[in-house]
$ cat query_10.cif   # mmCIF, C-alpha atoms and all ligand atoms
data_final
loop_
_atom_site.label_atom_id
_atom_site.label_comp_id
_atom_site.auth_asym_id
_atom_site.auth_seq_id
_atom_site.Cartn_x
_atom_site.Cartn_y
_atom_site.Cartn_z
CA MET J 1 -60.67 47.27 46.73
CA SER J 2 -62.12 50.77 46.70
CA TRP J 3 -59.95 53.83 47.16
CA GLY J 4 -61.60 54.45 50.52
CA MET J 5 -60.92 50.91 51.76
CA ASN J 6 -57.27 51.12 50.68
CA ASN J 7 -56.84 54.55 52.21
CA ARG J 8 -58.38 53.56 55.53
CA LEU J 9 -56.21 50.44 55.71
CA ALA J 10 -53.06 52.39 54.77
CA ASN J 11 -53.77 54.96 57.49
CA LEU J 12 -53.72 52.24 60.13
CA PHE J 13 -50.04 51.51 59.50
CA ASN J 14 -46.87 53.41 60.23
CA PRO J 15 -45.58 54.45 56.79
CA GLN J 16 -41.92 53.90 57.75
CA SER J 17 -42.14 50.44 59.31
CA GLY J 18 -45.27 49.13 57.61
CA LYS J 19 -46.32 47.85 61.05
CA THR J 20 -48.94 49.02 63.50
CA ILE J 21 -49.79 49.55 67.13
CA PHE J 22 -53.47 49.68 67.97
CA PHE J 23 -53.93 50.87 71.53
CA ALA J 24 -56.93 48.91 72.86
CA VAL J 25 -59.06 50.62 75.50
CA ASP J 26 -62.43 49.06 74.65
CA HIS J 27 -62.51 46.79 77.72
CA GLY J 28 -65.31 48.71 79.44
CA TYR J 29 -67.95 47.38 77.05
CA PHE J 30 -67.90 44.05 78.87
CA MET J 31 -65.67 44.65 81.92
CA GLY J 32 -67.04 47.98 83.15
CA PRO J 33 -64.57 50.34 84.86
CA THR J 34 -61.45 48.28 84.14
CA THR J 35 -58.35 48.82 86.27
CA GLY J 36 -56.32 51.56 84.63
CA LEU J 37 -59.19 52.89 82.52
CA LYS J 38 -61.36 54.64 85.08
CA GLN J 39 -60.35 58.02 83.69
CA LEU J 40 -59.92 57.07 80.08
CA ASP J 41 -58.91 60.51 78.79
CA LYS J 42 -56.03 60.73 81.23
CA VAL J 43 -54.72 57.39 79.96
CA ILE J 44 -55.16 58.08 76.26
CA ASN J 45 -53.85 61.63 75.91
CA PRO J 46 -50.16 61.12 76.78
CA LEU J 47 -50.03 57.99 74.61
CA LEU J 48 -51.53 59.47 71.44
CA PRO J 49 -48.16 60.33 69.84
CA TYR J 50 -47.01 56.70 69.99
CA MET J 51 -49.96 54.73 68.63
CA ASP J 52 -51.08 54.10 65.05
CA ALA J 53 -54.74 53.61 65.94
CA LEU J 54 -57.00 53.80 68.96
CA MET J 55 -59.45 50.96 69.55
CA LEU J 56 -62.45 51.82 71.67
CA THR J 57 -66.24 51.94 71.89
CA ARG J 58 -68.69 54.50 70.60
CA GLY J 59 -69.48 55.81 74.09
CA ALA J 60 -65.84 56.13 75.12
CA LEU J 61 -64.98 57.93 71.89
CA ARG J 62 -67.75 60.48 72.38
CA GLN J 63 -67.09 61.13 76.05
CA TYR J 64 -63.34 60.90 76.41
CA VAL J 65 -61.68 61.79 73.12
CA PRO J 66 -61.37 65.35 71.76
CA THR J 67 -62.69 65.80 68.22
CA ASP J 68 -59.43 67.35 66.99
CA MET J 69 -57.60 64.09 67.69
CA ARG J 70 -55.71 62.85 64.59
CA VAL J 71 -55.26 59.14 65.38
CA PRO J 72 -57.42 56.71 63.33
CA ILE J 73 -60.22 55.02 65.25
CA VAL J 74 -60.88 51.28 65.32
CA LEU J 75 -64.44 51.23 66.57
CA ARG J 76 -65.76 48.27 68.54
CA VAL J 77 -69.15 47.35 67.05
CA SER J 78 -69.89 44.10 68.88
CA GLY J 79 -71.05 43.42 72.41
CA GLY J 80 -74.07 42.36 74.38
CA THR J 81 -72.64 40.27 77.22
CA SER J 82 -70.64 41.12 80.33
CA ILE J 83 -68.03 39.32 82.42
CA LEU J 84 -70.91 38.37 84.75
CA ASN J 85 -72.54 36.29 82.00
CA LYS J 86 -71.55 32.65 81.62
CA ASN J 87 -71.91 33.10 77.87
CA LEU J 88 -69.35 35.89 77.65
CA LEU J 89 -68.59 36.68 74.00
CA HIS J 90 -71.98 35.67 72.70
CA GLU J 91 -71.89 39.04 71.00
CA GLY J 92 -74.09 40.77 68.47
CA ILE J 93 -73.98 44.03 66.55
CA THR J 94 -74.01 47.09 68.81
CA VAL J 95 -73.31 49.95 66.40
CA SER J 96 -74.83 50.63 62.99
CA MET J 97 -72.51 51.30 60.08
CA GLU J 98 -74.18 54.67 59.73
CA ASP J 99 -73.05 55.65 63.21
CA ALA J 100 -69.57 54.21 62.61
CA ILE J 101 -69.29 56.52 59.59
CA ARG J 102 -70.64 59.47 61.59
CA LEU J 103 -67.91 58.79 64.14
CA ASN J 104 -65.32 58.74 61.35
CA ALA J 105 -64.18 55.19 62.10
CA ALA J 106 -61.15 54.05 60.14
CA ALA J 107 -62.10 50.42 60.84
CA VAL J 108 -64.65 48.51 62.87
CA ALA J 109 -63.98 45.55 65.16
CA PHE J 110 -66.24 42.59 65.84
CA SER J 111 -65.62 39.58 68.11
CA ILE J 112 -66.27 36.08 66.88
CA LEU J 113 -66.21 33.01 69.07
CA VAL J 114 -65.30 29.82 67.27
CA GLY J 115 -65.91 26.45 68.88
CA ALA J 116 -68.74 27.48 71.21
CA GLU J 117 -72.40 26.56 71.14
CA PHE J 118 -73.30 29.99 69.75
CA GLU J 119 -70.48 30.35 67.21
CA ARG J 120 -73.06 30.56 64.40
CA ASP J 121 -74.61 33.70 65.91
CA THR J 122 -71.28 35.46 66.18
CA LEU J 123 -70.15 34.41 62.70
CA LEU J 124 -73.40 35.55 61.09
CA GLY J 125 -73.34 38.81 63.03
CA PHE J 126 -69.79 39.27 61.84
CA THR J 127 -70.69 38.72 58.19
CA GLN J 128 -73.58 41.15 58.50
CA VAL J 129 -71.10 43.79 59.66
CA VAL J 130 -68.71 42.86 56.83
CA ASN J 131 -71.49 43.24 54.26
CA GLU J 132 -72.39 46.68 55.57
CA ALA J 133 -68.80 47.84 56.04
CA GLU J 134 -67.70 46.72 52.58
CA ARG J 135 -70.48 48.81 51.06
CA TYR J 136 -68.79 51.93 52.47
CA GLY J 137 -65.15 50.87 52.14
CA ILE J 138 -64.59 50.32 55.87
CA PRO J 139 -62.27 47.50 56.89
CA VAL J 140 -63.48 45.02 59.50
CA LEU J 141 -61.09 43.71 62.13
CA ALA J 142 -62.14 40.27 63.36
CA VAL J 143 -61.34 39.76 67.02
CA THR J 144 -61.00 36.01 67.34
CA ALA J 145 -61.66 33.89 70.38
CA VAL J 146 -62.09 30.17 70.76
CA GLY J 147 -64.50 28.25 72.99
CA LYS J 148 -63.64 27.34 76.55
CA GLY J 149 -61.53 24.23 76.81
CA LEU J 150 -60.17 24.39 73.25
CA GLY J 151 -56.89 26.02 74.22
CA LYS J 152 -55.40 29.14 72.72
CA ASP J 153 -52.98 27.21 70.54
CA ALA J 154 -51.95 27.34 66.89
CA ARG J 155 -54.47 24.71 65.86
CA TYR J 156 -57.53 26.58 67.09
CA LEU J 157 -56.29 30.13 66.64
CA SER J 158 -55.36 29.40 63.03
CA LEU J 159 -58.77 27.86 62.50
CA ALA J 160 -60.55 30.93 63.94
CA SER J 161 -58.29 33.36 62.07
CA ARG J 162 -58.71 31.62 58.74
CA ILE J 163 -62.49 31.45 59.18
CA ALA J 164 -62.55 35.19 59.94
CA ALA J 165 -60.54 35.99 56.81
CA GLU J 166 -62.64 33.71 54.62
CA LEU J 167 -65.79 35.40 55.90
CA GLY J 168 -64.44 38.80 54.93
CA ALA J 169 -62.19 40.23 57.64
CA ARG J 170 -59.64 42.71 56.27
CA MET J 171 -57.53 42.20 59.40
CA VAL J 172 -57.50 39.64 62.18
CA LYS J 173 -56.66 40.02 65.81
CA THR J 174 -55.77 36.89 67.73
CA TYR J 175 -53.66 35.72 70.65
CA TYR J 176 -49.99 34.93 70.44
CA CYS J 177 -49.16 31.24 70.78
CA ASP J 178 -46.37 28.75 70.06
CA ASP J 179 -45.95 28.13 66.33
CA PHE J 180 -47.49 31.52 65.60
CA GLU J 181 -45.90 31.35 62.13
CA HIS J 182 -48.57 28.79 61.28
CA VAL J 183 -51.38 31.13 62.38
CA VAL J 184 -49.96 34.00 60.30
CA SER J 185 -49.00 32.02 57.23
CA SER J 186 -52.37 30.30 56.97
CA CYS J 187 -54.29 33.57 57.30
CA PRO J 188 -54.53 35.58 54.07
CA VAL J 189 -55.03 38.97 55.78
CA PRO J 190 -52.73 40.87 58.19
CA VAL J 191 -52.68 39.60 61.77
CA VAL J 192 -52.19 41.59 64.98
CA ILE J 193 -51.90 40.12 68.44
CA ALA J 194 -53.94 41.00 71.51
CA GLY J 195 -51.87 41.63 74.60
CA GLY J 196 -54.06 39.68 77.01
CA LYS J 197 -53.91 39.90 80.79
CA LYS J 198 -51.21 42.03 82.38
CA ILE J 199 -47.88 40.23 82.59
CA PRO J 200 -44.44 41.59 83.54
CA GLU J 201 -43.16 44.20 81.07
CA LEU J 202 -40.24 42.02 79.97
CA ASP J 203 -42.61 39.16 79.14
CA ALA J 204 -45.01 41.43 77.22
CA LEU J 205 -42.14 42.84 75.17
CA THR J 206 -40.90 39.31 74.49
CA MET J 207 -44.35 38.30 73.28
CA ALA J 208 -44.59 41.35 71.01
CA ARG J 209 -41.14 40.70 69.57
CA ASN J 210 -41.89 36.99 68.98
CA ALA J 211 -45.16 37.86 67.26
CA ILE J 212 -43.47 40.35 64.93
CA GLN J 213 -40.71 37.86 64.17
CA ALA J 214 -43.38 35.28 63.32
CA GLY J 215 -45.02 37.62 60.81
CA ALA J 216 -47.59 39.64 62.76
CA VAL J 217 -48.08 43.14 61.37
CA GLY J 218 -48.35 44.58 64.84
CA VAL J 219 -50.08 44.53 68.17
CA ASP J 220 -53.50 45.48 69.44
CA MET J 221 -52.46 45.87 73.04
CA GLY J 222 -54.31 47.22 76.03
CA ARG J 223 -53.73 46.03 79.58
CA ASN J 224 -50.02 45.45 79.17
CA ILE J 225 -49.72 49.13 78.37
CA PHE J 226 -52.34 50.92 80.43
CA GLN J 227 -51.82 48.70 83.51
CA SER J 228 -48.04 49.06 83.32
CA GLU J 229 -46.41 50.95 86.17
CA ASN J 230 -45.46 53.48 83.46
CA PRO J 231 -47.77 53.35 80.41
CA VAL J 232 -45.89 56.02 78.45
CA ALA J 233 -42.57 54.20 78.88
CA MET J 234 -44.16 50.86 78.04
CA MET J 235 -45.85 52.20 74.93
CA GLN J 236 -42.54 53.54 73.66
CA ALA J 237 -40.81 50.24 74.40
CA VAL J 238 -43.53 48.36 72.48
CA ALA J 239 -43.17 50.86 69.63
CA ALA J 240 -39.42 50.20 69.52
CA VAL J 241 -40.10 46.47 69.13
CA VAL J 242 -42.85 46.86 66.54
CA HIS J 243 -41.48 49.73 64.44
CA LYS J 244 -37.73 49.62 64.99
CA ASN J 245 -37.24 45.90 65.31
CA VAL J 246 -35.09 46.29 68.44
CA SER J 247 -34.22 43.32 70.63
CA VAL J 248 -36.24 42.53 73.73
CA GLN J 249 -33.33 43.61 75.94
CA GLU J 250 -32.98 46.94 74.14
CA ALA J 251 -36.72 47.55 74.48
CA PHE J 252 -36.67 46.63 78.15
CA ASP J 253 -33.67 48.91 78.76
CA LEU J 254 -35.58 51.70 77.02
CA PHE J 255 -38.60 51.03 79.25
CA ASN J 256 -36.45 51.28 82.40
CA GLU J 257 -34.65 54.35 81.19
CA LEU J 258 -37.87 56.20 80.33
CA LYS J 259 -39.53 55.03 83.53
CA ASN J 260 -36.68 56.35 85.67
CA HIS J 261 -36.80 59.73 84.03
C1 LIG J 301 -61.08 42.26 74.03
O1 LIG J 301 -61.67 41.63 73.20
C2 LIG J 301 -60.82 43.64 73.86
O2 LIG J 301 -61.24 43.92 72.58
C3 LIG J 301 -59.39 44.15 73.96
O3 LIG J 301 -59.27 45.19 73.09
C4 LIG J 301 -58.35 43.15 73.61
O4 LIG J 301 -58.44 42.05 74.41
C5 LIG J 301 -56.94 43.76 73.64
O5 LIG J 301 -56.65 44.21 74.87
P1 LIG J 301 -55.66 43.42 75.83
O6 LIG J 301 -54.30 43.66 75.26
O7 LIG J 301 -55.84 44.06 77.16
O8 LIG J 301 -56.02 41.97 75.79
#
$ encode --input "query_10.cif" --output "structure tokens"
Amino acid sequence: MSWGMNNRLANLFNPQSGKTIFFAVDHGYFMGPTTGLKQLDKVINPLLPYMDALMLTRGALRQYVPTDMRVPIVLRVSGGTSILNKNLLHEGITVSMEDAIRLNAAAVAFSILVGAEFERDTLLGFTQVVNEAERYGIPVLAVTAVGKGLGKDARYLSLASRIAAELGARMVKTYYCDDFEHVVSSCPVPVVIAGGKKIPELDALTMARNAIQAGAVGVDMGRNIFQSENPVAMMQAVAAVVHKNVSVQEAFDLFNELKNH
């Protein structure tokens, strides 16, 4: 691996814990003005001290994030369909590597959909991004999804994650599931979990804790933080789970304590 690749990867992790929290606010590229993200800058700014990386789109980065911000950027470079399209996640390349470099991306993220009619398009688009990114020492995060009806279980998520790694992902993002150890242990690159739809804070903290216990290197969480009744408290509770290995109850107590202050 090149020095640049190693350095960019290292910068995505907390040096003390060796784990990471990517704060995902890229939802607008297919969901439009997502609940909790209408004023993106107001959401991001108070959370900056607690995240290891910020995952968002090119447009959001330009319009909402000050240029003196120090947090590494995971830049979303796939898209092309919206939630109104029945073929959601039939994504292609939306950002050139040249522009990703101009935006000082620490990593780029691309969604693949395994087990759908158009999986080939997304896998080939993904490898095109990997080829370009590798040339400049930029790690690619594969965002994995599986076709409708396949179930987000260890069998299919491990299949999608392993395919992503074999095709060149430096990191994989997938969903948490039962037997997550299998997903992590059969994937040769670090795995982070997506948060998914908003669930009660206690449940989201439990999921994060279970994922870390199963070997995930961190979380790439969005809605369960920015749609929380108190995003700053929730982010700190998630950070306690990921970086300090606290119990779910301790993290939940911390959430309540911070929320009530
Ligand atoms: C979806 O593909 C988007 O990239 C989100 O970044 C991702 O789903 C993580 O956000 P959430 O925790 O809200 O699922």
$ residues_around --input "query_10.cif" --residues "J:Gly32" --least-positions-apart "3" --cutoff "12 Å" --atoms "only C-alpha atoms" --output "ChimeraX atom specification"
/J:25-29,35-38,40,57,60,81-84
$ closest_residue --input "query_10.cif" --among "J:Ala107, J:Cys187, J:Leu202, J:Ala251" --to "J:Gly137" --atoms "only C-alpha atoms"
J:Ala107
$ closest_residue --input "query_10.cif" --among "J:Ile101, J:Ile199, J:Val189, J:Val71" --to "ligand LIG 301 (chain J)" --atoms "all atoms listed in the file"
J:Ile199
$ residues_around --input "query_10.cif" --residues "J:Gln227" --least-positions-apart "3" --cutoff "10 Å" --atoms "only C-alpha atoms" --output "list in words"
Thr34, Thr35, Gly36, Leu37, Val43, Lys197, Lys198, Ile199, Gly222, Arg223, Asn224, Asn230, Pro231 and Met234 of chain J
$ atom_distance --input "query_10.cif" --atom1 "atom CA of J:Ala106" --atom2 "atom CA of J:Val140"
9.3 Å
$ build_atoms --input "query_10.cif" --residues "stretch 143-157 of chain J" --atoms "N, CA, C and O atoms" --output "tab-separated table (two decimals), in the frame of the given file"
chain	number	residue	atom	x	y	z
J	143	VAL	N	-62.00	40.08	65.74
J	143	VAL	CA	-61.34	39.76	67.02
J	143	VAL	C	-61.69	38.31	67.31
J	143	VAL	O	-62.86	37.98	67.51
J	144	THR	N	-60.70	37.45	67.27
J	144	THR	CA	-61.00	36.01	67.34
J	144	THR	C	-60.84	35.47	68.76
J	144	THR	O	-59.91	35.83	69.47
J	145	ALA	N	-61.77	34.62	69.11
J	145	ALA	CA	-61.66	33.89	70.38
J	145	ALA	C	-62.13	32.47	70.11
J	145	ALA	O	-62.89	32.23	69.16
J	146	VAL	N	-61.65	31.56	70.92
J	146	VAL	CA	-62.09	30.17	70.76
J	146	VAL	C	-62.79	29.71	72.04
J	146	VAL	O	-62.54	30.25	73.12
J	147	GLY	N	-63.68	28.72	71.87
J	147	GLY	CA	-64.50	28.25	72.99
J	147	GLY	C	-63.68	27.74	74.16
J	147	GLY	O	-62.53	27.30	74.00
J	148	LYS	N	-64.31	27.80	75.32
J	148	LYS	CA	-63.64	27.34	76.55
J	148	LYS	C	-63.19	25.89	76.38
J	148	LYS	O	-63.90	25.07	75.84
J	149	GLY	N	-62.00	25.60	76.85
J	149	GLY	CA	-61.53	24.23	76.81
J	149	GLY	C	-60.81	23.86	75.53
J	149	GLY	O	-60.21	22.79	75.43
J	150	LEU	N	-60.84	24.73	74.51
J	150	LEU	CA	-60.17	24.39	73.25
J	150	LEU	C	-58.68	24.75	73.29
J	150	LEU	O	-57.91	24.23	72.51
J	151	GLY	N	-58.31	25.65	74.15
J	151	GLY	CA	-56.89	26.02	74.22
J	151	GLY	C	-56.54	27.06	73.19
J	151	GLY	O	-56.93	26.96	72.03
J	152	LYS	N	-55.81	28.07	73.65
J	152	LYS	CA	-55.40	29.14	72.72
J	152	LYS	C	-54.10	28.70	72.05
J	152	LYS	O	-53.03	29.25	72.32
J	153	ASP	N	-54.19	27.69	71.21
J	153	ASP	CA	-52.98	27.21	70.54
J	153	ASP	C	-53.09	27.40	69.03
J	153	ASP	O	-54.13	27.83	68.51
J	154	ALA	N	-52.01	27.06	68.33
J	154	ALA	CA	-51.95	27.34	66.89
J	154	ALA	C	-53.06	26.62	66.13
J	154	ALA	O	-53.59	27.16	65.15
J	155	ARG	N	-53.43	25.45	66.57
J	155	ARG	CA	-54.47	24.71	65.86
J	155	ARG	C	-55.79	25.48	65.85
J	155	ARG	O	-56.40	25.69	64.79
J	156	TYR	N	-56.22	25.92	67.02
J	156	TYR	CA	-57.53	26.58	67.09
J	156	TYR	C	-57.47	28.05	66.69
J	156	TYR	O	-58.42	28.58	66.11
J	157	LEU	N	-56.36	28.71	67.02
J	157	LEU	CA	-56.29	30.13	66.64
J	157	LEU	C	-56.13	30.28	65.13
J	157	LEU	O	-56.66	31.23	64.54
